[in-house]
>>> print(open('coords-v1.cif').read())   # mmCIF, C-alpha atoms
data_upload
#
loop_
_atom_site.label_atom_id
_atom_site.label_comp_id
_atom_site.auth_asym_id
_atom_site.auth_seq_id
_atom_site.Cartn_x
_atom_site.Cartn_y
_atom_site.Cartn_z
CA MET A 590 0.00 0.00 0.00
CA LYS A 591 1.44 3.33 -1.06
CA ILE A 592 0.94 6.38 1.15
CA ILE A 593 1.84 9.80 -0.21
CA LEU A 594 2.23 12.64 2.26
CA LYS A 595 1.82 16.26 1.23
CA ASN A 596 3.77 18.79 3.26
CA ASN A 597 1.65 21.63 1.91
CA SER A 598 -1.63 20.00 2.96
CA ASP A 599 -3.91 21.58 5.57
CA SER A 600 -4.39 18.11 7.09
CA PRO A 601 -1.97 16.89 9.74
CA ILE A 602 0.32 14.02 8.73
CA TYR A 603 -1.51 11.45 10.92
CA GLU A 604 -4.80 12.46 9.27
CA GLN A 605 -3.31 12.02 5.78
CA ILE A 606 -2.07 8.55 6.73
CA LYS A 607 -5.41 7.59 8.28
CA GLN A 608 -7.39 8.88 5.30
CA GLN A 609 -5.26 7.03 2.74
CA ILE A 610 -5.39 3.73 4.62
CA LYS A 611 -9.15 4.14 5.03
CA GLU A 612 -9.51 4.86 1.31
CA ASN A 613 -7.47 1.75 0.43
CA ILE A 614 -9.71 -0.37 2.68
CA LEU A 615 -12.95 1.08 1.29
CA LYS A 616 -11.85 0.66 -2.32
CA GLY A 617 -10.90 -2.96 -1.63
CA TYR A 618 -7.18 -2.52 -2.30
CA VAL A 619 -6.55 -3.90 1.19
CA GLN A 620 -8.63 -6.93 2.13
CA PRO A 621 -10.22 -7.84 5.47
CA GLY A 622 -7.75 -9.81 7.59
CA GLU A 623 -4.76 -8.36 5.76
CA HIS A 624 -1.81 -7.46 7.97
CA LEU A 625 -0.76 -3.79 7.85
CA ALA A 626 2.79 -2.58 8.31
CA SER A 627 3.72 -2.14 11.95
CA MET A 628 3.62 1.40 13.32
CA ARG A 629 7.42 1.38 13.47
CA GLU A 630 7.82 0.13 9.91
CA LEU A 631 5.34 2.68 8.59
CA ALA A 632 7.01 5.51 10.52
CA LYS A 633 10.39 4.47 9.12
CA ASP A 634 9.07 4.16 5.54
CA LEU A 635 7.31 7.53 5.66
CA LYS A 636 10.11 9.18 7.65
CA VAL A 637 7.71 10.39 10.33
CA SER A 638 7.48 10.04 14.08
CA LEU A 639 6.24 6.81 15.61
CA ILE A 640 3.73 8.94 17.52
CA THR A 641 2.25 10.06 14.17
CA THR A 642 1.65 6.52 12.91
CA LYS A 643 0.40 5.45 16.34
CA ARG A 644 -2.23 8.22 16.25
CA ALA A 645 -3.33 7.23 12.72
CA TYR A 646 -3.67 3.55 13.68
CA GLU A 647 -5.50 4.40 16.93
CA ASP A 648 -7.99 6.56 15.00
CA LEU A 649 -8.50 3.80 12.41
CA GLU A 650 -9.13 1.30 15.20
CA LYS A 651 -11.56 3.67 16.94
CA ASP A 652 -13.41 4.14 13.61
CA GLY A 653 -13.67 0.35 13.16
CA PHE A 654 -11.35 -0.09 10.18
CA VAL A 655 -8.58 -2.07 11.84
CA THR A 656 -7.93 -4.15 14.90
CA THR A 657 -4.64 -4.47 16.72
CA ILE A 658 -3.60 -7.71 18.37
CA ARG A 659 -0.77 -7.19 20.79
CA GLY A 660 2.33 -9.03 19.68
CA LYS A 661 0.86 -9.89 16.27
CA GLY A 662 0.13 -6.56 14.60
CA THR A 663 -2.64 -4.53 13.04
CA PHE A 664 -5.17 -6.11 10.69
CA VAL A 665 -7.96 -4.82 8.46
CA LYS A 666 -11.41 -5.52 9.91
CA GLU A 667 -14.38 -6.85 7.98
CA GLN A 668 -16.69 -3.96 7.10
CA ASP A 669 -20.49 -3.96 7.13
CA SER A 670 -20.89 -1.65 4.15
CA ALA A 671 -24.44 -0.50 5.01
CA ILE A 672 -23.53 0.49 8.56
CA PHE A 673 -20.30 2.06 7.44
CA LYS A 674 -22.00 4.06 4.71
CA GLU A 675 -24.55 5.36 7.20
CA LYS A 676 -21.75 6.47 9.54
CA GLN A 677 -19.99 8.23 6.67
CA PHE A 678 -23.21 10.02 5.63
CA PHE A 679 -23.62 11.22 9.22
CA THR A 680 -20.03 12.52 9.26
CA ILE A 681 -20.49 14.27 5.91
CA GLU A 682 -23.76 15.86 7.07
CA ASN A 683 -22.07 17.26 10.18
CA LEU A 684 -19.13 18.61 8.20
CA THR A 685 -21.54 20.15 5.70
CA LYS A 686 -23.50 21.87 8.49
CA ASP A 687 -20.27 23.47 9.71
CA LEU A 688 -19.39 24.48 6.15
CA VAL A 689 -22.80 26.07 5.55
CA LYS A 690 -22.59 27.95 8.86
CA GLU A 691 -19.21 29.39 7.87
CA ALA A 692 -20.45 30.31 4.38
CA LYS A 693 -23.51 32.09 5.78
CA THR A 694 -21.31 33.97 8.26
CA ILE A 695 -19.59 35.74 5.36
CA GLY A 696 -22.75 36.07 3.27
CA MET A 697 -21.75 33.50 0.65
CA SER A 698 -24.59 32.47 -1.63
CA LEU A 699 -25.62 28.85 -2.11
CA GLU A 700 -24.51 29.09 -5.74
CA GLU A 701 -21.02 30.27 -4.74
CA LEU A 702 -20.77 27.49 -2.18
CA GLN A 703 -21.86 24.89 -4.76
CA ASP A 704 -19.27 26.24 -7.23
CA ILE A 705 -16.49 25.90 -4.67
CA LEU A 706 -17.65 22.42 -3.70
CA ALA A 707 -17.77 21.33 -7.37
CA LEU A 708 -14.25 22.65 -7.99
CA ILE A 709 -12.82 20.91 -4.94
CA TYR A 710 -14.67 17.69 -5.75
CA GLU A 711 -13.25 17.63 -9.28
CA GLU A 712 -9.78 18.51 -7.97
CA GLU A 713 -9.82 15.56 -5.56
CA LEU A 714 -10.65 13.13 -8.38
CA SER A 715 -7.27 13.72 -9.99
#
>>> encode(input="coords-v1.cif", output="structure tokens")
Amino acid sequence: MKIILKNNSDSPIYEQIKQQIKENILKGYVQPGEHLASMRELAKDLKVSLITTKRAYEDLEKDGFVTTIRGKGTFVKEQDSAIFKEKQFFTIENLTKDLVKEAKTIGMSLEELQDILALIYEEELS
């Protein structure tokens, strides 16, 4: 699994790692039961702190994507796609509420907000 970190990103490094692992799991590039690199190995490969990879793995475990077995490693968990999708919709709704609040604070129109969203959405596809 390839993880690419962007130094100029607004997201913290641990969040970038978490998001890319999550994406690989959801797209089926990493299968349930598959062993992930140890936190130490990943930190060494990415040239980041062990604390950074530990935070990413802990967040992934808390979100139900992986499970860690002491002495054996971290493994991808089986996903119930319907439950997971519902959780993701809830997260997106909450983020959108915050976004709309911020947009209204500065008097941004719905059309302007939709334009920005469309641009960012297309940008993320590449």
>>> closest_residue(input="coords-v1.cif", among="A:Ala692, A:Val637, A:Val665, A:Met697", to="A:Gly617", atoms="all atoms listed in the file")
A:Val665
>>> resolve_selection(input="coords-v1.cif", expression="the PyMOL selection byres ((chain A and resi 621-623) around 10)", output="ChimeraX atom specification")
/A:614,617-620,624-626,654-656,663-668
>>> resolve_selection(input="coords-v1.cif", expression="the PyMOL selection byres ((chain A and resi 702) around 12)", output="ChimeraX atom specification")
/A:685,688-693,695-701,703-709
>>> residues_near_point(input="coords-v1.cif", point="(-5.2, 11.4, 5.0)", cutoff="12 Å", atoms="all atoms listed in the file", output="PyMOL selection string")
chain A and resi 592-596+598-613+641-642+645-646+648-649
>>> write_last_selection(input="coords-v1.cif", atoms="C-alpha atoms", output="PDB file, in the frame of the given file")
ATOM      1  CA  ILE A 592       0.940   6.380   1.150  1.00  0.00           C
ATOM      2  CA  ILE A 593       1.840   9.800  -0.210  1.00  0.00           C
ATOM      3  CA  LEU A 594       2.230  12.640   2.260  1.00  0.00           C
ATOM      4  CA  LYS A 595       1.820  16.260   1.230  1.00  0.00           C
ATOM      5  CA  ASN A 596       3.770  18.790   3.260  1.00  0.00           C
ATOM      6  CA  SER A 598      -1.630  20.000   2.960  1.00  0.00           C
ATOM      7  CA  ASP A 599      -3.910  21.580   5.570  1.00  0.00           C
ATOM      8  CA  SER A 600      -4.390  18.110   7.090  1.00  0.00           C
ATOM      9  CA  PRO A 601      -1.970  16.890   9.740  1.00  0.00           C
ATOM     10  CA  ILE A 602       0.320  14.020   8.730  1.00  0.00           C
ATOM     11  CA  TYR A 603      -1.510  11.450  10.920  1.00  0.00           C
ATOM     12  CA  GLU A 604      -4.800  12.460   9.270  1.00  0.00           C
ATOM     13  CA  GLN A 605      -3.310  12.020   5.780  1.00  0.00           C
ATOM     14  CA  ILE A 606      -2.070   8.550   6.730  1.00  0.00           C
ATOM     15  CA  LYS A 607      -5.410   7.590   8.280  1.00  0.00           C
ATOM     16  CA  GLN A 608      -7.390   8.880   5.300  1.00  0.00           C
ATOM     17  CA  GLN A 609      -5.260   7.030   2.740  1.00  0.00           C
ATOM     18  CA  ILE A 610      -5.390   3.730   4.620  1.00  0.00           C
ATOM     19  CA  LYS A 611      -9.150   4.140   5.030  1.00  0.00           C
ATOM     20  CA  GLU A 612      -9.510   4.860   1.310  1.00  0.00           C
ATOM     21  CA  ASN A 613      -7.470   1.750   0.430  1.00  0.00           C
ATOM     22  CA  THR A 641       2.250  10.060  14.170  1.00  0.00           C
ATOM     23  CA  THR A 642       1.650   6.520  12.910  1.00  0.00           C
ATOM     24  CA  ALA A 645      -3.330   7.230  12.720  1.00  0.00           C
ATOM     25  CA  TYR A 646      -3.670   3.550  13.680  1.00  0.00           C
ATOM     26  CA  ASP A 648      -7.990   6.560  15.000  1.00  0.00           C
ATOM     27  CA  LEU A 649      -8.500   3.800  12.410  1.00  0.00           C
TER      28      LEU A 649
END
>>> closest_residue(input="coords-v1.cif", among="A:Gly653, A:Lys591, A:Lys616, A:Asn597", to="A:Phe673", atoms="only C-alpha atoms")
A:Gly653
>>> atom_distance(input="coords-v1.cif", atom1="atom CA of A:Gly662", atom2="atom CA of A:Leu639")
14.7 Å
>>> atom_distance(input="coords-v1.cif", atom1="atom CA of A:Thr680", atom2="atom CA of A:Tyr710")
16.8 Å
>>> decode(input="coords-v1.cif", residues="stretch 634-667 of chain A", atoms="N, CA, C and O atoms", output="PDB file, in the first residue's frame")
ATOM      1  N   ASP A 634       9.286   4.014   6.977  1.00  0.00           N
ATOM      2  CA  ASP A 634       9.070   4.156   5.537  1.00  0.00           C
ATOM      3  C   ASP A 634       8.673   5.579   5.146  1.00  0.00           C
ATOM      4  O   ASP A 634       9.109   6.094   4.120  1.00  0.00           O
ATOM      5  N   LEU A 635       7.814   6.190   5.973  1.00  0.00           N
ATOM      6  CA  LEU A 635       7.315   7.530   5.657  1.00  0.00           C
ATOM      7  C   LEU A 635       8.206   8.638   6.214  1.00  0.00           C
ATOM      8  O   LEU A 635       7.965   9.818   5.955  1.00  0.00           O
ATOM      9  N   LYS A 636       9.212   8.233   7.008  1.00  0.00           N
ATOM     10  CA  LYS A 636      10.115   9.179   7.652  1.00  0.00           C
ATOM     11  C   LYS A 636       9.344  10.178   8.528  1.00  0.00           C
ATOM     12  O   LYS A 636       9.497  11.395   8.413  1.00  0.00           O
ATOM     13  N   VAL A 637       8.480   9.598   9.377  1.00  0.00           N
ATOM     14  CA  VAL A 637       7.706  10.393  10.326  1.00  0.00           C
ATOM     15  C   VAL A 637       7.890   9.790  11.714  1.00  0.00           C
ATOM     16  O   VAL A 637       8.425   8.696  11.867  1.00  0.00           O
ATOM     17  N   SER A 638       7.396  10.492  12.698  1.00  0.00           N
ATOM     18  CA  SER A 638       7.475  10.038  14.081  1.00  0.00           C
ATOM     19  C   SER A 638       6.593   8.815  14.315  1.00  0.00           C
ATOM     20  O   SER A 638       5.520   8.687  13.713  1.00  0.00           O
ATOM     21  N   LEU A 639       7.031   7.966  15.203  1.00  0.00           N
ATOM     22  CA  LEU A 639       6.238   6.808  15.614  1.00  0.00           C
ATOM     23  C   LEU A 639       4.915   7.270  16.231  1.00  0.00           C
ATOM     24  O   LEU A 639       3.870   6.645  16.033  1.00  0.00           O
ATOM     25  N   ILE A 640       4.943   8.385  16.915  1.00  0.00           N
ATOM     26  CA  ILE A 640       3.726   8.938  17.523  1.00  0.00           C
ATOM     27  C   ILE A 640       2.691   9.260  16.434  1.00  0.00           C
ATOM     28  O   ILE A 640       1.491   9.064  16.636  1.00  0.00           O
ATOM     29  N   THR A 641       3.147   9.714  15.285  1.00  0.00           N
ATOM     30  CA  THR A 641       2.252  10.055  14.175  1.00  0.00           C
ATOM     31  C   THR A 641       1.537   8.819  13.643  1.00  0.00           C
ATOM     32  O   THR A 641       0.319   8.825  13.477  1.00  0.00           O
ATOM     33  N   THR A 642       2.277   7.746  13.418  1.00  0.00           N
ATOM     34  CA  THR A 642       1.648   6.525  12.906  1.00  0.00           C
ATOM     35  C   THR A 642       0.773   5.887  13.983  1.00  0.00           C
ATOM     36  O   THR A 642      -0.279   5.331  13.665  1.00  0.00           O
ATOM     37  N   LYS A 643       1.193   5.991  15.229  1.00  0.00           N
ATOM     38  CA  LYS A 643       0.397   5.453  16.337  1.00  0.00           C
ATOM     39  C   LYS A 643      -0.961   6.152  16.379  1.00  0.00           C
ATOM     40  O   LYS A 643      -1.999   5.504  16.503  1.00  0.00           O
ATOM     41  N   ARG A 644      -0.970   7.451  16.229  1.00  0.00           N
ATOM     42  CA  ARG A 644      -2.228   8.223  16.245  1.00  0.00           C
ATOM     43  C   ARG A 644      -3.130   7.803  15.084  1.00  0.00           C
ATOM     44  O   ARG A 644      -4.339   7.617  15.247  1.00  0.00           O
ATOM     45  N   ALA A 645      -2.548   7.643  13.897  1.00  0.00           N
ATOM     46  CA  ALA A 645      -3.331   7.229  12.723  1.00  0.00           C
ATOM     47  C   ALA A 645      -3.954   5.852  12.951  1.00  0.00           C
ATOM     48  O   ALA A 645      -5.149   5.657  12.699  1.00  0.00           O
ATOM     49  N   TYR A 646      -3.167   4.898  13.437  1.00  0.00           N
ATOM     50  CA  TYR A 646      -3.672   3.546  13.681  1.00  0.00           C
ATOM     51  C   TYR A 646      -4.737   3.540  14.782  1.00  0.00           C
ATOM     52  O   TYR A 646      -5.730   2.828  14.690  1.00  0.00           O
ATOM     53  N   GLU A 647      -4.515   4.324  15.843  1.00  0.00           N
ATOM     54  CA  GLU A 647      -5.501   4.396  16.926  1.00  0.00           C
ATOM     55  C   GLU A 647      -6.829   4.945  16.410  1.00  0.00           C
ATOM     56  O   GLU A 647      -7.897   4.444  16.766  1.00  0.00           O
ATOM     57  N   ASP A 648      -6.770   5.985  15.581  1.00  0.00           N
ATOM     58  CA  ASP A 648      -7.990   6.557  14.997  1.00  0.00           C
ATOM     59  C   ASP A 648      -8.692   5.546  14.090  1.00  0.00           C
ATOM     60  O   ASP A 648      -9.915   5.427  14.115  1.00  0.00           O
ATOM     61  N   LEU A 649      -7.918   4.815  13.296  1.00  0.00           N
ATOM     62  CA  LEU A 649      -8.502   3.803  12.415  1.00  0.00           C
ATOM     63  C   LEU A 649      -9.172   2.695  13.224  1.00  0.00           C
ATOM     64  O   LEU A 649     -10.227   2.198  12.849  1.00  0.00           O
ATOM     65  N   GLU A 650      -8.547   2.338  14.339  1.00  0.00           N
ATOM     66  CA  GLU A 650      -9.135   1.303  15.198  1.00  0.00           C
ATOM     67  C   GLU A 650     -10.422   1.823  15.838  1.00  0.00           C
ATOM     68  O   GLU A 650     -11.435   1.127  15.871  1.00  0.00           O
ATOM     69  N   LYS A 651     -10.388   3.055  16.322  1.00  0.00           N
ATOM     70  CA  LYS A 651     -11.564   3.667  16.942  1.00  0.00           C
ATOM     71  C   LYS A 651     -12.717   3.761  15.938  1.00  0.00           C
ATOM     72  O   LYS A 651     -13.878   3.555  16.285  1.00  0.00           O
ATOM     73  N   ASP A 652     -12.394   4.019  14.661  1.00  0.00           N
ATOM     74  CA  ASP A 652     -13.411   4.136  13.608  1.00  0.00           C
ATOM     75  C   ASP A 652     -13.852   2.775  13.059  1.00  0.00           C
ATOM     76  O   ASP A 652     -14.711   2.710  12.179  1.00  0.00           O
ATOM     77  N   GLY A 653     -13.234   1.686  13.544  1.00  0.00           N
ATOM     78  CA  GLY A 653     -13.670   0.346  13.164  1.00  0.00           C
ATOM     79  C   GLY A 653     -13.074  -0.194  11.877  1.00  0.00           C
ATOM     80  O   GLY A 653     -13.594  -1.145  11.300  1.00  0.00           O
ATOM     81  N   PHE A 654     -11.965   0.382  11.424  1.00  0.00           N
ATOM     82  CA  PHE A 654     -11.353  -0.091  10.182  1.00  0.00           C
ATOM     83  C   PHE A 654     -10.290  -1.162  10.401  1.00  0.00           C
ATOM     84  O   PHE A 654     -10.049  -1.985   9.528  1.00  0.00           O
ATOM     85  N   VAL A 655      -9.636  -1.103  11.551  1.00  0.00           N
ATOM     86  CA  VAL A 655      -8.577  -2.071  11.838  1.00  0.00           C
ATOM     87  C   VAL A 655      -8.715  -2.565  13.267  1.00  0.00           C
ATOM     88  O   VAL A 655      -9.428  -1.969  14.079  1.00  0.00           O
ATOM     89  N   THR A 656      -8.029  -3.645  13.531  1.00  0.00           N
ATOM     90  CA  THR A 656      -7.928  -4.155  14.896  1.00  0.00           C
ATOM     91  C   THR A 656      -6.464  -4.489  15.157  1.00  0.00           C
ATOM     92  O   THR A 656      -5.764  -4.961  14.262  1.00  0.00           O
ATOM     93  N   THR A 657      -6.021  -4.204  16.360  1.00  0.00           N
ATOM     94  CA  THR A 657      -4.637  -4.472  16.716  1.00  0.00           C
ATOM     95  C   THR A 657      -4.600  -5.589  17.742  1.00  0.00           C
ATOM     96  O   THR A 657      -5.317  -5.551  18.745  1.00  0.00           O
ATOM     97  N   ILE A 658      -3.790  -6.586  17.456  1.00  0.00           N
ATOM     98  CA  ILE A 658      -3.602  -7.713  18.370  1.00  0.00           C
ATOM     99  C   ILE A 658      -2.175  -7.606  18.892  1.00  0.00           C
ATOM    100  O   ILE A 658      -1.218  -7.699  18.109  1.00  0.00           O
ATOM    101  N   ARG A 659      -2.078  -7.385  20.185  1.00  0.00           N
ATOM    102  CA  ARG A 659      -0.769  -7.191  20.792  1.00  0.00           C
ATOM    103  C   ARG A 659       0.163  -8.360  20.474  1.00  0.00           C
ATOM    104  O   ARG A 659      -0.196  -9.518  20.639  1.00  0.00           O
ATOM    105  N   GLY A 660       1.341  -8.016  19.999  1.00  0.00           N
ATOM    106  CA  GLY A 660       2.334  -9.029  19.678  1.00  0.00           C
ATOM    107  C   GLY A 660       2.190  -9.615  18.281  1.00  0.00           C
ATOM    108  O   GLY A 660       3.060 -10.328  17.804  1.00  0.00           O
ATOM    109  N   LYS A 661       1.070  -9.340  17.614  1.00  0.00           N
ATOM    110  CA  LYS A 661       0.856  -9.892  16.268  1.00  0.00           C
ATOM    111  C   LYS A 661       0.775  -8.808  15.204  1.00  0.00           C
ATOM    112  O   LYS A 661       1.152  -9.025  14.072  1.00  0.00           O
ATOM    113  N   GLY A 662       0.196  -7.651  15.563  1.00  0.00           N
ATOM    114  CA  GLY A 662       0.132  -6.562  14.604  1.00  0.00           C
ATOM    115  C   GLY A 662      -1.259  -5.993  14.410  1.00  0.00           C
ATOM    116  O   GLY A 662      -2.190  -6.285  15.162  1.00  0.00           O
ATOM    117  N   THR A 663      -1.389  -5.203  13.356  1.00  0.00           N
ATOM    118  CA  THR A 663      -2.637  -4.533  13.037  1.00  0.00           C
ATOM    119  C   THR A 663      -3.212  -5.133  11.763  1.00  0.00           C
ATOM    120  O   THR A 663      -2.495  -5.302  10.771  1.00  0.00           O
ATOM    121  N   PHE A 664      -4.507  -5.434  11.805  1.00  0.00           N
ATOM    122  CA  PHE A 664      -5.170  -6.114  10.694  1.00  0.00           C
ATOM    123  C   PHE A 664      -6.423  -5.347  10.279  1.00  0.00           C
ATOM    124  O   PHE A 664      -7.090  -4.720  11.109  1.00  0.00           O
ATOM    125  N   VAL A 665      -6.752  -5.443   8.995  1.00  0.00           N
ATOM    126  CA  VAL A 665      -7.958  -4.816   8.465  1.00  0.00           C
ATOM    127  C   VAL A 665      -9.167  -5.604   8.943  1.00  0.00           C
ATOM    128  O   VAL A 665      -9.189  -6.828   8.879  1.00  0.00           O
ATOM    129  N   LYS A 666     -10.175  -4.875   9.429  1.00  0.00           N
ATOM    130  CA  LYS A 666     -11.407  -5.517   9.913  1.00  0.00           C
ATOM    131  C   LYS A 666     -12.403  -5.666   8.766  1.00  0.00           C
ATOM    132  O   LYS A 666     -12.406  -4.881   7.826  1.00  0.00           O
ATOM    133  N   GLU A 667     -13.254  -6.655   8.900  1.00  0.00           N
ATOM    134  CA  GLU A 667     -14.382  -6.847   7.978  1.00  0.00           C
ATOM    135  C   GLU A 667     -15.320  -5.662   8.146  1.00  0.00           C
ATOM    136  O   GLU A 667     -15.595  -5.241   9.253  1.00  0.00           O
TER     137      GLU A 667
END
